[in-house]
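structure_31.txt follows (compact mmCIF, C-alpha atoms and all ligand atoms):
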# COMPACT_ATOMS: atom_id res chain seq x y z
CA MET D 1 -19.23 101.99 65.80
CA ILE D 2 -15.78 101.60 67.38
CA HIS D 3 -12.93 102.81 65.14
CA THR D 4 -9.88 102.37 67.39
CA ILE D 5 -9.07 100.28 70.42
CA THR D 6 -6.14 100.66 72.77
CA LEU D 7 -5.01 97.54 74.60
CA THR D 8 -2.43 96.73 77.20
CA ARG D 9 0.35 95.22 75.05
CA PRO D 10 -0.62 91.55 74.45
CA ASP D 11 1.41 88.35 74.84
CA ASP D 12 1.50 85.22 72.69
CA TRP D 13 1.30 82.14 74.91
CA HIS D 14 2.28 79.65 72.18
CA LEU D 15 4.71 80.44 69.38
CA HIS D 16 7.06 78.59 67.01
CA LEU D 17 10.06 80.78 66.19
CA ARG D 18 12.35 78.14 64.60
CA ASP D 19 16.05 79.10 64.53
CA GLY D 20 18.76 80.79 62.46
CA ASP D 21 17.72 82.59 59.27
CA GLN D 22 14.14 81.31 59.54
CA MET D 23 13.86 82.82 63.01
CA ARG D 24 15.33 86.10 61.83
CA ALA D 25 12.66 86.21 59.11
CA VAL D 26 9.66 85.72 61.39
CA LEU D 27 10.69 87.16 64.79
CA PRO D 28 10.00 90.85 63.95
CA TYR D 29 6.31 90.10 63.25
CA THR D 30 5.85 88.83 66.78
CA ALA D 31 8.19 91.26 68.54
CA SER D 32 6.46 94.29 67.01
CA ARG D 33 3.07 93.19 68.35
CA PHE D 34 3.63 91.22 71.54
CA ALA D 35 5.64 91.94 74.67
CA ARG D 36 6.35 88.29 75.43
CA ALA D 37 5.86 84.90 73.86
CA ILE D 38 6.08 81.33 75.09
CA ILE D 39 8.63 79.82 72.71
CA MET D 40 8.01 76.24 71.64
CA PRO D 41 10.98 73.88 72.04
CA ASN D 42 10.37 71.63 68.99
CA LEU D 43 13.61 72.45 67.18
CA ARG D 44 15.84 69.79 65.65
CA PRO D 45 17.30 68.71 68.06
CA PRO D 46 14.62 69.68 70.60
CA ILE D 47 15.34 71.99 73.55
CA VAL D 48 15.55 69.43 76.33
CA THR D 49 17.88 71.10 78.86
CA THR D 50 18.06 74.44 80.62
CA ASP D 51 21.43 75.08 78.98
CA MET D 52 19.88 74.61 75.55
CA ALA D 53 17.00 76.94 76.51
CA LEU D 54 19.46 79.58 77.72
CA ALA D 55 21.44 79.36 74.48
CA TYR D 56 18.27 79.48 72.35
CA ARG D 57 17.07 82.52 74.31
CA THR D 58 20.39 84.27 73.65
CA ARG D 59 20.03 83.55 69.91
CA ILE D 60 16.50 84.97 69.91
CA LEU D 61 17.55 88.17 71.68
CA ALA D 62 20.50 88.55 69.29
CA ALA D 63 18.14 88.18 66.31
CA LEU D 64 15.87 91.05 67.38
CA PRO D 65 16.10 94.03 65.03
CA PRO D 66 17.66 97.14 66.66
CA ASP D 67 14.35 98.99 67.09
CA LEU D 68 12.82 96.05 68.98
CA GLN D 69 15.86 95.18 71.12
CA SER D 70 14.42 96.11 74.49
CA GLY D 71 10.75 95.49 73.87
CA PHE D 72 10.44 91.70 73.60
CA GLU D 73 10.94 88.93 76.14
CA PRO D 74 11.09 85.29 74.98
CA LEU D 75 9.68 82.94 77.61
CA MET D 76 11.46 79.63 77.18
CA THR D 77 10.17 76.08 77.51
CA LEU D 78 11.71 72.62 77.77
CA TYR D 79 10.66 69.66 75.68
CA LEU D 80 9.55 66.81 77.92
CA THR D 81 10.99 63.41 76.99
CA ASP D 82 10.88 59.95 78.55
CA HIS D 83 14.26 60.85 80.08
CA THR D 84 13.67 64.33 81.56
CA SER D 85 15.08 64.17 85.11
CA PRO D 86 13.72 65.89 88.23
CA SER D 87 17.08 67.65 88.62
CA GLU D 88 16.68 69.16 85.12
CA ILE D 89 13.25 70.45 86.16
CA ILE D 90 14.73 72.07 89.25
CA ARG D 91 17.52 73.63 87.17
CA ALA D 92 14.92 74.95 84.73
CA LYS D 93 12.88 76.56 87.48
CA GLU D 94 15.93 78.06 89.16
CA SER D 95 17.11 79.57 85.85
CA GLY D 96 14.14 81.96 85.95
CA ILE D 97 13.94 81.88 82.14
CA VAL D 98 12.03 78.61 81.66
CA HIS D 99 8.28 79.06 82.12
CA GLY D 100 6.87 75.69 81.13
CA VAL D 101 7.61 72.15 80.01
CA LYS D 102 6.00 70.93 76.82
CA LEU D 103 4.41 67.53 76.43
CA TYR D 104 4.30 66.31 72.84
CA PRO D 105 2.98 62.78 72.54
CA ALA D 106 5.62 61.07 70.35
CA GLY D 107 4.70 61.50 66.68
CA ALA D 108 1.79 63.89 67.31
CA THR D 109 3.04 66.77 65.18
CA THR D 110 5.99 68.55 63.50
CA HIS D 111 9.34 67.53 65.07
CA SER D 112 7.73 65.50 67.85
CA ASP D 113 9.59 62.23 67.25
CA ALA D 114 11.53 62.79 70.51
CA GLY D 115 8.24 63.19 72.40
CA VAL D 116 6.86 61.16 75.27
CA THR D 117 6.00 57.53 74.45
CA ASP D 118 4.27 56.83 77.77
CA LEU D 119 3.46 59.39 80.45
CA ALA D 120 4.14 56.78 83.12
CA ARG D 121 7.83 57.30 82.26
CA CYS D 122 7.56 60.97 83.22
CA HIS D 123 6.10 60.69 86.69
CA ALA D 124 9.25 61.81 88.51
CA ALA D 125 9.59 64.86 86.24
CA LEU D 126 5.89 65.72 86.66
CA GLU D 127 6.21 65.39 90.47
CA ALA D 128 9.13 67.81 90.33
CA MET D 129 7.18 70.28 88.16
CA GLN D 130 4.28 70.16 90.56
CA LYS D 131 6.64 70.75 93.48
CA VAL D 132 8.54 73.70 91.98
CA ASN D 133 5.41 75.17 90.35
CA LEU D 134 6.47 74.86 86.70
CA PRO D 135 3.48 74.48 84.32
CA LEU D 136 3.01 71.57 81.94
CA LEU D 137 2.04 72.68 78.42
CA VAL D 138 0.14 69.97 76.62
CA HIS D 139 -0.27 69.15 72.94
CA GLY D 140 -3.55 67.37 73.54
CA GLU D 141 -3.89 64.70 70.88
CA VAL D 142 -3.46 60.94 71.04
CA THR D 143 -1.31 59.42 68.33
CA ASP D 144 -3.09 56.05 68.16
CA PRO D 145 -3.57 55.50 64.40
CA ALA D 146 -6.83 53.70 65.15
CA VAL D 147 -8.36 56.95 66.44
CA ASP D 148 -9.96 59.21 63.82
CA VAL D 149 -7.85 62.36 63.36
CA PHE D 150 -10.83 64.59 64.20
CA ASP D 151 -11.41 62.72 67.50
CA ARG D 152 -7.84 62.76 68.79
CA GLU D 153 -8.29 65.72 71.14
CA LYS D 154 -11.43 64.28 72.76
CA VAL D 155 -9.81 60.87 73.18
CA PHE D 156 -6.71 62.55 74.67
CA ILE D 157 -8.90 64.19 77.32
CA ASP D 158 -10.39 60.84 78.30
CA ARG D 159 -7.29 58.68 78.09
CA VAL D 160 -4.49 61.02 79.15
CA LEU D 161 -5.48 64.44 80.47
CA SER D 162 -8.22 63.48 82.94
CA PRO D 163 -6.08 60.84 84.67
CA LEU D 164 -3.08 63.20 84.62
CA ILE D 165 -4.76 66.08 86.40
CA TRP D 166 -6.45 63.69 88.81
CA HIS D 167 -3.04 62.30 89.74
CA PHE D 168 -1.23 65.66 89.89
CA GLN D 169 -3.83 67.92 91.43
CA ASN D 170 -1.46 70.81 92.08
CA LEU D 171 0.27 70.71 88.70
CA ARG D 172 -0.58 73.74 86.59
CA VAL D 173 -1.54 72.62 83.08
CA VAL D 174 -2.11 74.59 79.88
CA PHE D 175 -4.20 72.62 77.41
CA GLU D 176 -2.74 74.24 74.32
CA HIS D 177 -4.50 75.31 71.13
CA ILE D 178 -7.82 73.69 72.00
CA THR D 179 -10.10 72.95 69.07
CA THR D 180 -13.27 71.29 70.39
CA ARG D 181 -16.33 71.94 72.52
CA ASP D 182 -15.22 68.93 74.57
CA ALA D 183 -11.98 70.70 75.48
CA VAL D 184 -13.81 73.93 76.36
CA THR D 185 -16.15 72.05 78.71
CA PHE D 186 -13.29 70.06 80.21
CA VAL D 187 -11.24 73.18 80.98
CA LYS D 188 -14.22 75.05 82.44
CA GLU D 189 -15.03 72.17 84.76
CA ALA D 190 -11.43 71.44 85.80
CA SER D 191 -9.71 73.04 88.78
CA ARG D 192 -8.11 76.48 88.76
CA GLN D 193 -4.80 74.81 87.88
CA VAL D 194 -6.03 74.08 84.33
CA ALA D 195 -6.25 76.67 81.55
CA ALA D 196 -6.23 76.68 77.74
CA SER D 197 -4.89 78.71 74.86
CA ILE D 198 -6.85 79.30 71.65
CA THR D 199 -5.40 80.23 68.25
CA ALA D 200 -6.78 82.88 65.92
CA HIS D 201 -7.10 80.40 63.05
CA HIS D 202 -9.22 77.97 65.06
CA LEU D 203 -11.48 80.91 65.92
CA LEU D 204 -11.74 82.00 62.28
CA LEU D 205 -12.02 78.77 60.30
CA ASN D 206 -13.77 75.43 60.44
CA ARG D 207 -12.62 72.26 58.70
CA ASN D 208 -14.37 73.11 55.44
CA ALA D 209 -11.51 75.58 54.88
CA ILE D 210 -9.11 72.67 54.31
CA PHE D 211 -11.12 71.49 51.29
CA GLN D 212 -12.48 74.72 49.84
CA GLY D 213 -12.47 74.14 46.06
CA GLY D 214 -9.52 71.73 46.38
CA ILE D 215 -6.98 70.72 49.00
CA ARG D 216 -5.66 73.78 50.86
CA PRO D 217 -2.30 72.99 52.46
CA HIS D 218 -2.07 76.42 54.10
CA HIS D 219 -5.11 75.58 56.19
CA PHE D 220 -3.59 72.36 57.52
CA CYS D 221 -2.36 72.47 61.09
CA LEU D 222 -2.42 70.26 64.13
CA PRO D 223 -4.69 69.86 65.92
CA VAL D 224 -6.60 69.91 62.64
CA LEU D 225 -9.48 72.40 62.19
CA LYS D 226 -12.80 71.02 63.43
CA ARG D 227 -16.49 71.37 62.46
CA GLU D 228 -18.41 74.63 62.86
CA SER D 229 -20.12 73.72 66.14
CA HIS D 230 -16.68 73.37 67.75
CA ARG D 231 -15.55 76.72 66.35
CA GLN D 232 -18.64 78.32 67.89
CA ALA D 233 -17.72 76.82 71.27
CA LEU D 234 -14.20 78.26 70.96
CA ILE D 235 -15.59 81.72 70.18
CA GLU D 236 -17.87 81.54 73.22
CA ALA D 237 -14.91 80.51 75.39
CA ALA D 238 -12.55 83.20 74.07
CA THR D 239 -15.08 86.04 74.27
CA GLY D 240 -16.77 84.89 77.48
CA GLY D 241 -14.39 86.59 79.89
CA ASN D 242 -13.41 83.36 81.69
CA PRO D 243 -9.77 83.79 82.87
CA LYS D 244 -8.97 80.17 81.99
CA PHE D 245 -8.87 81.02 78.26
CA PHE D 246 -6.17 83.13 76.62
CA SER D 247 -4.36 83.85 73.35
CA GLY D 248 -1.72 81.53 71.94
CA THR D 249 -1.24 81.84 68.20
CA ASP D 250 0.60 78.56 67.48
CA SER D 251 2.02 80.53 64.57
CA ALA D 252 4.10 77.81 62.88
CA PRO D 253 6.10 78.85 59.80
CA HIS D 254 7.02 76.32 57.13
CA SER D 255 8.47 77.10 53.71
CA GLN D 256 6.04 77.20 50.81
CA SER D 257 7.70 74.10 49.33
CA ASN D 258 7.27 72.13 52.55
CA LYS D 259 3.58 73.10 52.70
CA GLU D 260 2.70 72.68 49.00
CA ASN D 261 3.93 69.14 48.90
CA ALA D 262 2.56 65.61 48.48
CA CYS D 263 3.10 65.29 52.24
CA GLY D 264 2.71 68.87 53.40
CA CYS D 265 3.81 69.95 56.90
CA ALA D 266 1.28 70.91 59.56
CA GLY D 267 1.36 74.53 60.68
CA ILE D 268 -0.29 77.88 59.91
CA PHE D 269 1.71 81.11 60.00
CA THR D 270 -0.26 83.93 61.66
CA ALA D 271 2.41 86.06 63.35
CA HIS D 272 2.25 88.74 60.60
CA ALA D 273 -1.29 89.66 61.71
CA ALA D 274 -1.83 87.84 64.96
CA ILE D 275 -3.40 90.54 67.08
CA GLU D 276 -5.32 91.91 64.10
CA LEU D 277 -6.88 88.46 63.52
CA TYR D 278 -7.97 88.15 67.15
CA ALA D 279 -9.48 91.66 66.94
CA GLN D 280 -11.44 90.61 63.87
CA VAL D 281 -12.86 87.57 65.71
CA PHE D 282 -13.89 89.62 68.75
CA ASP D 283 -15.35 92.36 66.55
CA GLN D 284 -17.44 89.83 64.59
CA ALA D 285 -18.68 88.43 67.92
CA ASN D 286 -19.53 91.93 69.21
CA ALA D 287 -17.11 91.35 72.07
CA LEU D 288 -14.29 93.85 71.52
CA ASP D 289 -14.63 94.80 75.19
CA LYS D 290 -13.39 91.29 76.09
CA LEU D 291 -10.35 91.32 73.78
CA GLU D 292 -7.85 92.93 76.16
CA ALA D 293 -8.44 90.43 78.96
CA PHE D 294 -8.06 87.50 76.53
CA VAL D 295 -4.84 88.70 74.87
CA SER D 296 -3.20 90.74 77.66
CA PHE D 297 -4.39 89.63 81.12
CA HIS D 298 -5.52 86.01 81.43
CA GLY D 299 -2.31 84.41 80.21
CA ALA D 300 -0.03 86.62 82.30
CA ASP D 301 -2.13 85.90 85.37
CA PHE D 302 -2.06 82.15 84.77
CA TYR D 303 1.71 82.13 84.22
CA GLN D 304 2.06 84.27 87.37
CA LEU D 305 3.86 87.03 85.47
CA PRO D 306 3.16 90.76 85.73
CA ARG D 307 0.75 92.26 83.25
CA ASN D 308 2.42 94.48 80.64
CA ARG D 309 2.38 98.19 81.21
CA ASP D 310 2.65 99.68 77.74
CA HIS D 311 -0.11 99.73 75.13
CA ILE D 312 -0.87 99.16 71.47
CA THR D 313 -3.61 100.74 69.39
CA LEU D 314 -5.58 99.06 66.63
CA GLY D 315 -7.69 100.90 64.11
CA LYS D 316 -10.59 99.62 62.05
CA GLU D 317 -9.07 99.89 58.60
CA ASN D 318 -8.94 97.49 55.67
CA TRP D 319 -5.53 96.28 54.50
CA ILE D 320 -4.38 93.50 52.22
CA VAL D 321 -2.09 90.74 53.48
CA SER D 322 1.00 90.05 51.33
CA GLU D 323 0.76 87.11 48.94
CA ARG D 324 4.08 85.78 50.23
CA LEU D 325 6.83 86.67 52.67
CA THR D 326 10.55 85.92 52.41
CA PHE D 327 11.74 83.05 54.57
CA ALA D 328 15.45 82.25 54.62
CA GLY D 329 15.89 81.88 50.86
CA ASP D 330 12.43 80.39 50.44
CA SER D 331 8.94 81.85 50.62
CA LEU D 332 6.37 81.67 53.36
CA ILE D 333 2.66 81.91 52.62
CA PRO D 334 1.02 83.85 55.44
CA PHE D 335 -2.48 83.13 56.74
CA CYS D 336 -5.06 85.06 54.68
CA ALA D 337 -2.49 85.74 51.92
CA GLY D 338 -3.89 88.31 49.48
CA GLU D 339 -7.04 88.76 51.54
CA ILE D 340 -8.46 91.85 53.25
CA LEU D 341 -8.24 92.14 57.03
CA THR D 342 -10.30 94.71 58.88
CA TRP D 343 -8.10 95.73 61.82
CA LYS D 344 -4.69 97.33 61.57
CA ILE D 345 -2.02 98.26 64.10
CA ALA D 346 -1.79 102.03 64.35
C1 LIG S 1 3.58 73.00 64.78
C2 LIG S 1 4.92 73.17 64.08
O1 LIG S 1 4.94 73.32 62.87
O2 LIG S 1 5.95 73.21 64.78
N1 LIG S 1 2.57 72.67 63.82
C3 LIG S 1 1.24 72.87 63.95
O3 LIG S 1 0.48 72.46 63.07
N2 LIG S 1 0.74 73.51 64.98
C4 LIG S 1 3.69 71.97 65.84
C5 LIG S 1 2.56 71.98 66.82
O4 LIG S 1 2.42 72.89 67.63
O5 LIG S 1 1.77 71.04 66.81
ZN ZN S 2 2.44 74.64 68.35
Structure encoded using structure tokens:
Amino acid sequence: MIHTITLTRPDDWHLHLRDGDQMRAVLPYTASRFARAIIMPNLRPPIVTTDMALAYRTRILAALPPDLQSGFEPLMTLYLTDHTSPSEIIRAKESGIVHGVKLYPAGATTHSDAGVTDLARCHAALEAMQKVNLPLLVHGEVTDPAVDVFDREKVFIDRVLSPLIWHFQNLRVVFEHITTRDAVTFVKEASRQVAASITAHHLLLNRNAIFQGGIRPHHFCLPVLKRESHRQALIEAATGGNPKFFSGTDSAPHSQSNKENACGCAGIFTAHAAIELYAQVFDQANALDKLEAFVSFHGADFYQLPRNRDHITLGKENWIVSERLTFAGDSLIPFCAGEILTWKIA
């Protein structure tokens, strides 16, 4: 039996850091595990210009605790809107600090009201991204209220993503936080320009977790958890060694009061144990030998960034997750609160 594993330091290819005191509360969890993270732009107001991304990056670096000052690199993104101009895309690329542009269909998820209403409005920006080689990061769900919430990813593939990648054949696209067998198949069959991130919580839970003994707001995220057969497909994809699939936690902190609410926010916070949770998944699947490529190589290669050079070590050791964390004057309920996890950072 394996008792420790040493990995090239991993990266998180999809992270919500928020801002201000909330960011200061959650950033150390990520920065002490990961070398880099793709930082989501869905602040209020959203990060829509390179100048805003530069300023946000400066705030993140300033919020790093002294012992983590030199060890963490935030990889910034822009929030695509109906009005994103080709010149803004060029500015973003030339800045060297923006690594992707995020497509949120308007109304799809938390703080996405400024999102794209119709992709046809974004063609000039998408042309520019294709030309300057700046990836499109996609929240892959339709917002049509007539579509069942569990089918929104599949319908997005058919209605939006397939036509998009057919039209922009050289655009690099990350299908983010995929949740279905349909998405796995689609990404496998698509060109080399298309890849996908997978969260730890979609690998660990199926949709029964939302209703286990009552309504469980801390298991509600978007895209919503799916049935077990989809989870199995995600595990096969993550542990299968295919370079198109890589880690992206989608760790999304919300205060306890905003989660435990008659209209609770979508988002699961996993940053406190992100790499440990992925290790648990790979261990359960007897695939620990595939973990390093999934968390440390595939994403870097897709984003055309160098692989990290330092390492982290995980040991097989039980530990109990805190019941709650402090979060800017409020509390934050972490994923697996009060439960035992089986891998620990050395
Ligand atoms: C994210 C958030 O809270 O910002 N929520 C979530 O459920 N994943 C937004 C997102 O990535 O969809
Ligand atoms: Zn997200």
**OP:** Using all atoms listed in the file, find all polymer residues with an atom at most 10 Å away from the point (-2.5, 84.7, 49.1); report them as a count of residues only.
**Re:** 13
Distance table requested - chain D against ligand ZN 2 (chain S), cut-off 10 Å, all atoms listed in the file: one row per qualifying residue with the closest atom pair and its distance in Å to one decimal, ordered by chain and rising residue number, as JSON lines.
{"residue": "D:His14", "atom": "CA", "partner": "S:ZN2", "partner_atom": "ZN", "distance": 6.3}
{"residue": "D:Leu15", "atom": "CA", "partner": "S:ZN2", "partner_atom": "ZN", "distance": 6.3}
{"residue": "D:His16", "atom": "CA", "partner": "S:ZN2", "partner_atom": "ZN", "distance": 6.2}
{"residue": "D:Ile39", "atom": "CA", "partner": "S:ZN2", "partner_atom": "ZN", "distance": 9.2}
{"residue": "D:Met40", "atom": "CA", "partner": "S:ZN2", "partner_atom": "ZN", "distance": 6.7}
{"residue": "D:Pro41", "atom": "CA", "partner": "S:ZN2", "partner_atom": "ZN", "distance": 9.3}
{"residue": "D:Asn42", "atom": "CA", "partner": "S:ZN2", "partner_atom": "ZN", "distance": 8.5}
{"residue": "D:Lys102", "atom": "CA", "partner": "S:ZN2", "partner_atom": "ZN", "distance": 9.9}
{"residue": "D:Tyr104", "atom": "CA", "partner": "S:ZN2", "partner_atom": "ZN", "distance": 9.6}
{"residue": "D:Thr109", "atom": "CA", "partner": "S:ZN2", "partner_atom": "ZN", "distance": 8.5}
{"residue": "D:Thr110", "atom": "CA", "partner": "S:ZN2", "partner_atom": "ZN", "distance": 8.6}
{"residue": "D:Val138", "atom": "CA", "partner": "S:ZN2", "partner_atom": "ZN", "distance": 9.8}
{"residue": "D:His139", "atom": "CA", "partner": "S:ZN2", "partner_atom": "ZN", "distance": 7.7}
{"residue": "D:Glu176", "atom": "CA", "partner": "S:ZN2", "partner_atom": "ZN", "distance": 7.9}
{"residue": "D:His177", "atom": "CA", "partner": "S:ZN2", "partner_atom": "ZN", "distance": 7.5}
{"residue": "D:Thr199", "atom": "CA", "partner": "S:ZN2", "partner_atom": "ZN", "distance": 9.6}
{"residue": "D:Cys221", "atom": "CA", "partner": "S:ZN2", "partner_atom": "ZN", "distance": 9.0}
{"residue": "D:Leu222", "atom": "CA", "partner": "S:ZN2", "partner_atom": "ZN", "distance": 7.8}
{"residue": "D:Pro223", "atom": "CA", "partner": "S:ZN2", "partner_atom": "ZN", "distance": 8.9}
{"residue": "D:Gly248", "atom": "CA", "partner": "S:ZN2", "partner_atom": "ZN", "distance": 8.8}
{"residue": "D:Thr249", "atom": "CA", "partner": "S:ZN2", "partner_atom": "ZN", "distance": 8.1}
{"residue": "D:Asp250", "atom": "CA", "partner": "S:ZN2", "partner_atom": "ZN", "distance": 4.4}
{"residue": "D:Ser251", "atom": "CA", "partner": "S:ZN2", "partner_atom": "ZN", "distance": 7.0}
{"residue": "D:Ala252", "atom": "CA", "partner": "S:ZN2", "partner_atom": "ZN", "distance": 6.5}
{"residue": "D:Ala266", "atom": "CA", "partner": "S:ZN2", "partner_atom": "ZN", "distance": 9.6}
{"residue": "D:Gly267", "atom": "CA", "partner": "S:ZN2", "partner_atom": "ZN", "distance": 7.7}
{"residue": "D:Ile268", "atom": "CA", "partner": "S:ZN2", "partner_atom": "ZN", "distance": 9.4}
Could you write out that same residue set with C-alpha atoms as a PDB file, in the coordinates of the input?
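Dumped everything to selection_27.pdb:
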ATOM      1  CA  HIS D  14       2.280  79.650  72.180  1.00  0.00           C
ATOM      2  CA  LEU D  15       4.710  80.440  69.380  1.00  0.00           C
ATOM      3  CA  HIS D  16       7.060  78.590  67.010  1.00  0.00           C
ATOM      4  CA  ILE D  39       8.630  79.820  72.710  1.00  0.00           C
ATOM      5  CA  MET D  40       8.010  76.240  71.640  1.00  0.00           C
ATOM      6  CA  PRO D  41      10.980  73.880  72.040  1.00  0.00           C
ATOM      7  CA  ASN D  42      10.370  71.630  68.990  1.00  0.00           C
ATOM      8  CA  LYS D 102       6.000  70.930  76.820  1.00  0.00           C
ATOM      9  CA  TYR D 104       4.300  66.310  72.840  1.00  0.00           C
ATOM     10  CA  THR D 109       3.040  66.770  65.180  1.00  0.00           C
ATOM     11  CA  THR D 110       5.990  68.550  63.500  1.00  0.00           C
ATOM     12  CA  VAL D 138       0.140  69.970  76.620  1.00  0.00           C
ATOM     13  CA  HIS D 139      -0.270  69.150  72.940  1.00  0.00           C
ATOM     14  CA  GLU D 176      -2.740  74.240  74.320  1.00  0.00           C
ATOM     15  CA  HIS D 177      -4.500  75.310  71.130  1.00  0.00           C
ATOM     16  CA  THR D 199      -5.400  80.230  68.250  1.00  0.00           C
ATOM     17  CA  CYS D 221      -2.360  72.470  61.090  1.00  0.00           C
ATOM     18  CA  LEU D 222      -2.420  70.260  64.130  1.00  0.00           C
ATOM     19  CA  PRO D 223      -4.690  69.860  65.920  1.00  0.00           C
ATOM     20  CA  GLY D 248      -1.720  81.530  71.940  1.00  0.00           C
ATOM     21  CA  THR D 249      -1.240  81.840  68.200  1.00  0.00           C
ATOM     22  CA  ASP D 250       0.600  78.560  67.480  1.00  0.00           C
ATOM     23  CA  SER D 251       2.020  80.530  64.570  1.00  0.00           C
ATOM     24  CA  ALA D 252       4.100  77.810  62.880  1.00  0.00           C
ATOM     25  CA  ALA D 266       1.280  70.910  59.560  1.00  0.00           C
ATOM     26  CA  GLY D 267       1.360  74.530  60.680  1.00  0.00           C
ATOM     27  CA  ILE D 268      -0.290  77.880  59.910  1.00  0.00           C
TER      28      ILE D 268
END
**OP:** Place a sphere of radius 12 Å on (-11.4, 90.7, 75.6) in the file coordinates and name every protein, DNA or RNA residue with an atom inside or on its surface, counting all atoms listed in the file; give the answer as JSON, numbers by chain.
**Re:** {"D": [5, 6, 7, 8, 10, 235, 236, 237, 238, 239, 240, 241, 242, 243, 245, 246, 247, 275, 278, 279, 280, 281, 282, 283, 285, 286, 287, 288, 289, 290, 291, 292, 293, 294, 295, 296, 297, 298, 299]}
**OP:** Mind checking which residues fall within 10 Å of His202 in chain D, counting only C-alpha atoms, ignoring those fewer than 3 positions away in the same chain, and posting them as JSON, numbers by chain?
**Re:** {"D": [177, 178, 179, 180, 198, 199, 205, 206, 207, 221, 223, 224, 225, 226, 230, 231, 232, 234, 235, 249]}
Grab all the atoms of range 196-200 of chain D that the file lists, wrap them in a box along x, y and z, add 3 Å per side, and give me centre plus edge lengths in Å (one decimal) as JSON.
{"center_x": -5.9, "center_y": 79.8, "center_z": 71.8, "size_x": 8.0, "size_y": 12.2, "size_z": 17.8}
Original post:
Looking at D:Pro163, D:Gly315, D:Pro86, D:Gly115, which one is nearest to ligand LIG 1 (chain S), with distances taken over only C-alpha atoms and all ligand atoms?
Top reply: D:Gly115
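The spacing separating CA of Thr185 in chain D from CA of Arg227 in chain D amounts to 16.3 Å.
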Subject >> Surrounding residues of Gly107 in chain D excluding itself and chain neighbours under 6 positions, 9 Å, only C-alpha atoms, as a ChimeraX atom specification >> reply: /D:113-117,143
Subject >> Atomic separation - CA of Ala128 in chain D relative to CA of Tyr79 in chain D, Å >> reply: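 These two atoms are separated by 14.8 Å.
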Original post:
When you draw a straight line from CA of Ser32 in chain D to CA of Leu75 in chain D, how long is it in Å?
Top reply: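 Rounded to one decimal, the two atoms are 15.9 Å apart.
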Subject >> Nearest-residue call for ligand LIG 1 (chain S), choices D:Lys259, D:Arg36, D:Arg309, D:His254, using only C-alpha atoms and all ligand atoms >> reply: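 Of the candidates, the smallest distance to ligand LIG 1 (chain S) is held by D:His254.
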Subject >> Nearest to ligand LIG 1 (chain S), chosen from D:Pro135, D:Pro74, D:Gly20, D:Gly264, with all atoms listed in the file counted in the distances >> reply: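 Nearest to ligand LIG 1 (chain S): D:Gly264.
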Original post:
Of the candidates D:Ser112, D:Ser229, D:Gln130, D:Gln304, which one gets nearest to ligand LIG 1 (chain S) if we count all atoms listed in the file?
Top reply: D:Ser112
**OP:** Fewer than 3 positions away in the same chain doesn't count, so skip those; otherwise give me all residues within 7 Å of Arg9 in chain D, counting all atoms listed in the file, as a PyMOL selection string.
**Re:** chain D and resi 34-35+296+308+310-312
**OP:** Choose the residue, out of D:Leu103, D:Val132, D:Ile2, D:Ala183, that has the smallest atom-to-atom separation from ligand LIG 1 (chain S); count all atoms listed in the file.
**Re:** D:Leu103
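Closest to Asp67 in chain D among D:Glu153, D:Pro28, D:Ile165, D:Asn261 is D:Pro28, based on all atoms listed in the file.
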Subject >> All residues 10 Å or closer to Leu61 in chain D, all atoms listed in the file, same chain fewer than 2 positions away omitted, as a list in words >> reply: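 Result of the neighbour search: Leu27, Tyr56, Arg57, Thr58, Arg59, Ala63, Leu64, Pro65, Leu68, Gln69, Ser70, Phe72, Glu73 and Pro74 of chain D.
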Mind filling out range 143-151 of chain D with N, CA and C atoms and sending it as a PDB file, in the frame of the given file?
ATOM      1  N   THR D 143      -1.956  59.736  69.607  1.00  0.00           N
ATOM      2  CA  THR D 143      -1.310  59.420  68.330  1.00  0.00           C
ATOM      3  C   THR D 143      -1.725  58.036  67.817  1.00  0.00           C
ATOM      4  N   ASP D 144      -2.598  57.384  68.541  1.00  0.00           N
ATOM      5  CA  ASP D 144      -3.090  56.050  68.160  1.00  0.00           C
ATOM      6  C   ASP D 144      -3.678  56.111  66.751  1.00  0.00           C
ATOM      7  N   PRO D 145      -3.072  55.412  65.792  1.00  0.00           N
ATOM      8  CA  PRO D 145      -3.570  55.500  64.400  1.00  0.00           C
ATOM      9  C   PRO D 145      -4.989  54.965  64.244  1.00  0.00           C
ATOM     10  N   ALA D 146      -5.465  54.218  65.226  1.00  0.00           N
ATOM     11  CA  ALA D 146      -6.830  53.700  65.150  1.00  0.00           C
ATOM     12  C   ALA D 146      -7.861  54.774  65.481  1.00  0.00           C
ATOM     13  N   VAL D 147      -7.416  55.893  66.060  1.00  0.00           N
ATOM     14  CA  VAL D 147      -8.360  56.950  66.440  1.00  0.00           C
ATOM     15  C   VAL D 147      -8.473  57.943  65.283  1.00  0.00           C
ATOM     16  N   ASP D 148      -9.692  58.247  64.884  1.00  0.00           N
ATOM     17  CA  ASP D 148      -9.960  59.210  63.820  1.00  0.00           C
ATOM     18  C   ASP D 148      -9.261  60.534  64.132  1.00  0.00           C
ATOM     19  N   VAL D 149      -8.656  61.148  63.125  1.00  0.00           N
ATOM     20  CA  VAL D 149      -7.850  62.360  63.360  1.00  0.00           C
ATOM     21  C   VAL D 149      -8.680  63.494  63.960  1.00  0.00           C
ATOM     22  N   PHE D 150      -9.982  63.531  63.644  1.00  0.00           N
ATOM     23  CA  PHE D 150     -10.830  64.590  64.200  1.00  0.00           C
ATOM     24  C   PHE D 150     -11.252  64.318  65.645  1.00  0.00           C
ATOM     25  N   ASP D 151     -11.024  63.095  66.124  1.00  0.00           N
ATOM     26  CA  ASP D 151     -11.410  62.720  67.500  1.00  0.00           C
ATOM     27  C   ASP D 151     -10.229  62.698  68.451  1.00  0.00           C
TER      28      ASP D 151
END
